[in-house]
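*Asks:* Pasting a structure below so you can have a look.
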There are 2 protein chains.
Amino acid sequence: MEVQPLIDHLSRYVTLSDVEISLLKSRITFRKYPRNQFVVQQGDICRHESFVVSGCLRTYHIDRQGNEHIIMFAVEDWWTSDLGSFISQTPANYNVQCLEPTLLIQFSQENLETLYQEIPVLERFFRIILQRAYVAADKRIIQNFSLTAKERYLEFRNQYPQIEQRVPQYMIASYLGITKEFLSKIRHQLMTE
Amino acid sequence: MEVQPLIDHLSRYVTLSDVEISLLKSRITFRKYPRNQFVVQQGDICRHESFVVSGCLRTYHIDRQGNEHIIMFAVEDWWTSDLGSFISQTPANYNVQCLEPTLLIQFSQENLETLYQEIPVLERFFRIILQRAYVAADKRIIQNFSLTAKERYLEFRNQYPQIEQRVPQYMIASYLGITKEFLSKIRHQLMTE
DNA sequence: GAGGAATATTAATCTAGTTTAATGTTTCTT
DNA sequence: AAGAAACATTAAACTAGATTAATATTCCTC
């Protein structure tokens, strides 16, 4: 059924035989979430790695003072989960919440381990995914250190134009690490110059 | 010779036979660096993953405005490199510099690939290392968002007491993402309260 | 042990971004 | 179509941390 986007996605990185594809299909789960529902909640153990077939999600952390900080968004063709929690099966630092009705393809730890045996190139594929996540996290550390809020906003808009249209501004502010009021000010500045 | 610290370190995560250990020994390189020398330079491709036998290093990024930002320190028993660059053999975002005379055990890409074939559990080991690096990067993003400079300093002091003694304060300030003057102020505050 | 380099402190002024609070606008629901 | 909820803007007062610049202190090195 809706598995094609995943197959296409995998095919961009590794080559799979027909047998491997049916094997894969037998070990995945489709799950439909309504708007606002949580795929992972902070404190729970993240049981799945999820591929987004359709919809939009945010990953955020609630700090000691109760403030939300959005770490990433995910839309069609992206992976989402609390990777740290999934990997080491420890309590999640993040909430993963659907911002739209969302369809996910999910891989449980156990099924993924089995698949690694059955389809060795998947190991390679998920190592690539982990590496990309690491590099992205790394890049964000640098950007938060070295760019102003305005520069980060422009960078975001430039890199994720699709996302800016789909999520409310106060969430983008949270992603950028600033208040919604200040983002509003920045946008005003950008428009009147 | 000085390989024991590495063996001990590996043994904490995986079990190696004597045969595997000699195999390992044959595929590593020792390298001694004097103070201030660079193990990796921003823009170069990072050719090795390095285990610190003795000494102390910093990893830092120079941004567009020419400001330095320290991303991490490494001392005995730690791994260091520009992981993003090493993994994907792309130009490094970071400089890795010795702050003391330093002895490293280095793994080249090719030797590491060979070792993965020869000693499969090493694949597991380095996946764990990558995961830890990812989780650490992740944690830092959260901390930089949600803690004040003072809180981050206390956190650092608490988590890396050994390092605070070994590196100059202005580098700690850079690691915390603040100026040396402001760190000085924080320290003053902490002492007089 | 003197002199210079590197490191650290202090204090005044400045600014990017926050807070608070009020007002406006859009979107959802019935 | 009205009312309520969610989202966005504006502006004034405030603060964490930067910048600048001068002075101390520590640490090499000859």
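Quick note on naming: the chains in the structure tokens go A, B, ... in the order shown, residues restart at 1 in each chain, and ligands are numbered from 1 in order of appearance.
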Mind running chain A against chain B at 10 Å and telling me each contacting residue's nearest atom pair with the distance in Å (one decimal), counting only C-alpha atoms, chain and number ascending, as a Markdown table?

*Replies:*
```
| residue | atom | partner | partner_atom | distance |
| --- | --- | --- | --- | --- |
| A:Tyr60 | CA | B:Ile142 | CA | 9.6 |
| A:His61 | CA | B:Ile142 | CA | 7.5 |
| A:Ile62 | CA | B:Ser146 | CA | 9.0 |
| A:Asp63 | CA | B:Ser146 | CA | 6.3 |
| A:Arg64 | CA | B:Ser146 | CA | 8.1 |
| A:Gln65 | CA | B:Ser146 | CA | 8.3 |
| A:Gly66 | CA | B:Ser146 | CA | 9.8 |
| A:Asn67 | CA | B:Ser146 | CA | 7.9 |
| A:Glu68 | CA | B:Ser146 | CA | 9.0 |
| A:His69 | CA | B:Phe145 | CA | 7.3 |
| A:Ile70 | CA | B:Ile142 | CA | 9.4 |
| A:Ile71 | CA | B:Ile142 | CA | 8.2 |
| A:Leu83 | CA | B:Val135 | CA | 8.3 |
| A:Gly84 | CA | B:Val135 | CA | 5.6 |
| A:Ser85 | CA | B:Val135 | CA | 9.0 |
| A:Ile87 | CA | B:Gln131 | CA | 7.5 |
| A:Ser88 | CA | B:Gln131 | CA | 8.5 |
| A:Asn93 | CA | B:Lys139 | CA | 8.9 |
| A:Arg127 | CA | B:Arg127 | CA | 8.0 |
| A:Ile128 | CA | B:Ile87 | CA | 9.1 |
| A:Leu130 | CA | B:Gln131 | CA | 7.9 |
| A:Gln131 | CA | B:Gly84 | CA | 7.3 |
| A:Arg132 | CA | B:Gly84 | CA | 8.4 |
| A:Ala133 | CA | B:Tyr134 | CA | 7.7 |
| A:Tyr134 | CA | B:Tyr134 | CA | 5.1 |
| A:Val135 | CA | B:Gly84 | CA | 5.6 |
| A:Ala136 | CA | B:Gly84 | CA | 9.3 |
| A:Ala137 | CA | B:Ala137 | CA | 6.1 |
| A:Asp138 | CA | B:Ala137 | CA | 6.3 |
| A:Lys139 | CA | B:Asn93 | CA | 8.9 |
| A:Arg140 | CA | B:Ile141 | CA | 7.5 |
| A:Ile141 | CA | B:Ile141 | CA | 6.1 |
| A:Ile142 | CA | B:His61 | CA | 7.5 |
| A:Gln143 | CA | B:Asp63 | CA | 8.9 |
| A:Asn144 | CA | B:Asn144 | CA | 8.4 |
| A:Phe145 | CA | B:Gly177 | CA | 6.4 |
| A:Ser146 | CA | B:Asp63 | CA | 6.3 |
| A:Leu147 | CA | B:Asp63 | CA | 8.8 |
| A:Ser174 | CA | B:Phe145 | CA | 9.7 |
| A:Tyr175 | CA | B:Phe145 | CA | 9.8 |
| A:Leu176 | CA | B:Phe145 | CA | 9.5 |
| A:Gly177 | CA | B:Phe145 | CA | 6.4 |
| A:Ile178 | CA | B:Phe145 | CA | 9.2 |
```

*Asks:* Contacts from chain C to chain A, 9 Å maximum, only C-alpha atoms (C1' of nucleotides): show me the residue list as a ChimeraX atom specification.

*Replies:* /C:16-18

*Asks:* Save out the residues we just selected, C-alpha atoms (C1' of nucleotides), as a JSON list (two decimals), in the first residue's frame.

*Replies:*
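File out22.json, as written:
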```
[["chain", "number", "residue", "atom", "x", "y", "z"],
["C", 16, "DA", "C1'", 20.63, 41.38, 21.39],
["C", 17, "DG", "C1'", 17.08, 39.28, 23.04],
["C", 18, "DT", "C1'", 13.38, 38.74, 27.10]]
```

*Asks:* Could you pull out all residues of region 42-185 of chain B with a DSSP call of alpha helix (DSSP H) and give them as a PyMOL selection string?

*Replies:* chain B and resi 83-88+109-118+121-146+149-159+161-166+169-176+180-185

*Asks:* Create the file for the chosen residues now, containing C-alpha atoms and written as a compact mmCIF listing (two decimals), in the first residue's frame.

*Replies:*
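Listed below is the output, out13.txt:
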```txt
# COMPACT_ATOMS: atom_id res chain seq x y z
CA LEU B 83 33.76 12.64 13.40
CA GLY B 84 31.61 14.19 10.69
CA SER B 85 34.64 14.63 8.46
CA PHE B 86 36.12 11.22 9.25
CA ILE B 87 32.86 9.41 8.63
CA SER B 88 32.04 10.99 5.31
CA GLN B 109 39.63 4.80 7.61
CA GLU B 110 41.13 1.91 5.62
CA ASN B 111 42.54 0.10 8.62
CA LEU B 112 39.28 0.57 10.46
CA GLU B 113 37.34 -0.93 7.56
CA THR B 114 39.72 -3.88 7.49
CA LEU B 115 39.41 -4.30 11.23
CA TYR B 116 35.61 -4.36 10.94
CA GLN B 117 36.01 -7.42 8.72
CA GLU B 118 38.60 -9.04 10.92
CA VAL B 121 32.66 -6.69 17.42
CA LEU B 122 34.64 -3.55 16.69
CA GLU B 123 31.81 -2.46 14.46
CA ARG B 124 29.59 -2.67 17.49
CA PHE B 125 32.13 -0.78 19.57
CA PHE B 126 32.41 2.11 17.16
CA ARG B 127 28.67 2.26 16.76
CA ILE B 128 28.49 2.74 20.52
CA ILE B 129 31.09 5.51 20.30
CA LEU B 130 29.14 7.23 17.54
CA GLN B 131 25.93 6.93 19.54
CA ARG B 132 27.56 8.46 22.59
CA ALA B 133 28.92 11.31 20.50
CA TYR B 134 25.44 11.86 19.13
CA VAL B 135 23.80 11.81 22.54
CA ALA B 136 26.44 14.21 23.88
CA ALA B 137 25.89 16.62 20.98
CA ASP B 138 22.18 16.39 21.57
CA LYS B 139 22.52 17.09 25.26
CA ARG B 140 24.60 20.15 24.53
CA ILE B 141 21.95 21.57 22.26
CA ILE B 142 19.41 21.26 25.05
CA GLN B 143 21.74 22.72 27.64
CA ASN B 144 22.65 25.69 25.52
CA PHE B 145 18.98 26.40 25.02
CA SER B 146 17.78 25.94 28.54
CA ALA B 149 25.82 30.69 31.48
CA LYS B 150 26.27 30.26 35.22
CA GLU B 151 24.36 26.98 35.20
CA ARG B 152 26.34 25.71 32.24
CA TYR B 153 29.58 26.56 34.03
CA LEU B 154 28.52 24.70 37.17
CA GLU B 155 27.45 21.76 35.04
CA PHE B 156 30.81 21.73 33.26
CA ARG B 157 32.79 22.00 36.47
CA ASN B 158 30.76 19.22 37.92
CA GLN B 159 31.06 16.91 34.94
CA PRO B 161 36.58 18.55 37.11
CA GLN B 162 39.83 17.13 35.68
CA ILE B 163 39.59 19.28 32.62
CA GLU B 164 38.95 22.53 34.44
CA GLN B 165 42.33 22.20 36.13
CA ARG B 166 44.20 21.58 32.90
CA GLN B 169 39.89 29.80 31.67
CA TYR B 170 39.42 31.63 28.42
CA MET B 171 39.10 28.25 26.71
CA ILE B 172 36.47 27.16 29.19
CA ALA B 173 34.61 30.38 28.44
CA SER B 174 34.79 29.55 24.76
CA TYR B 175 33.47 26.06 25.47
CA LEU B 176 30.57 27.55 27.42
CA LYS B 180 36.31 35.23 29.24
CA GLU B 181 35.30 38.45 30.96
CA PHE B 182 31.85 37.16 31.70
CA LEU B 183 33.19 33.86 33.01
CA SER B 184 35.45 35.85 35.29
CA LYS B 185 32.38 37.70 36.57
```

*Asks:* Find the residues of chain D in contact range of chain B, meaning any atom within 12 Å when counting only C-alpha atoms (C1' of nucleotides), and list them as a list in words.

*Replies:*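 Taking only C-alpha atoms (C1' of nucleotides) into account, DA16, DG17, DA18, DT19, DT20 and DT26 of chain D sit within 12 Å of chain B.
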
*Asks:* How many Å separate CA of Asp82 (chain B) from C1' of DT7 (chain C)?

*Replies:*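 These atoms are spaced 28.0 Å apart.
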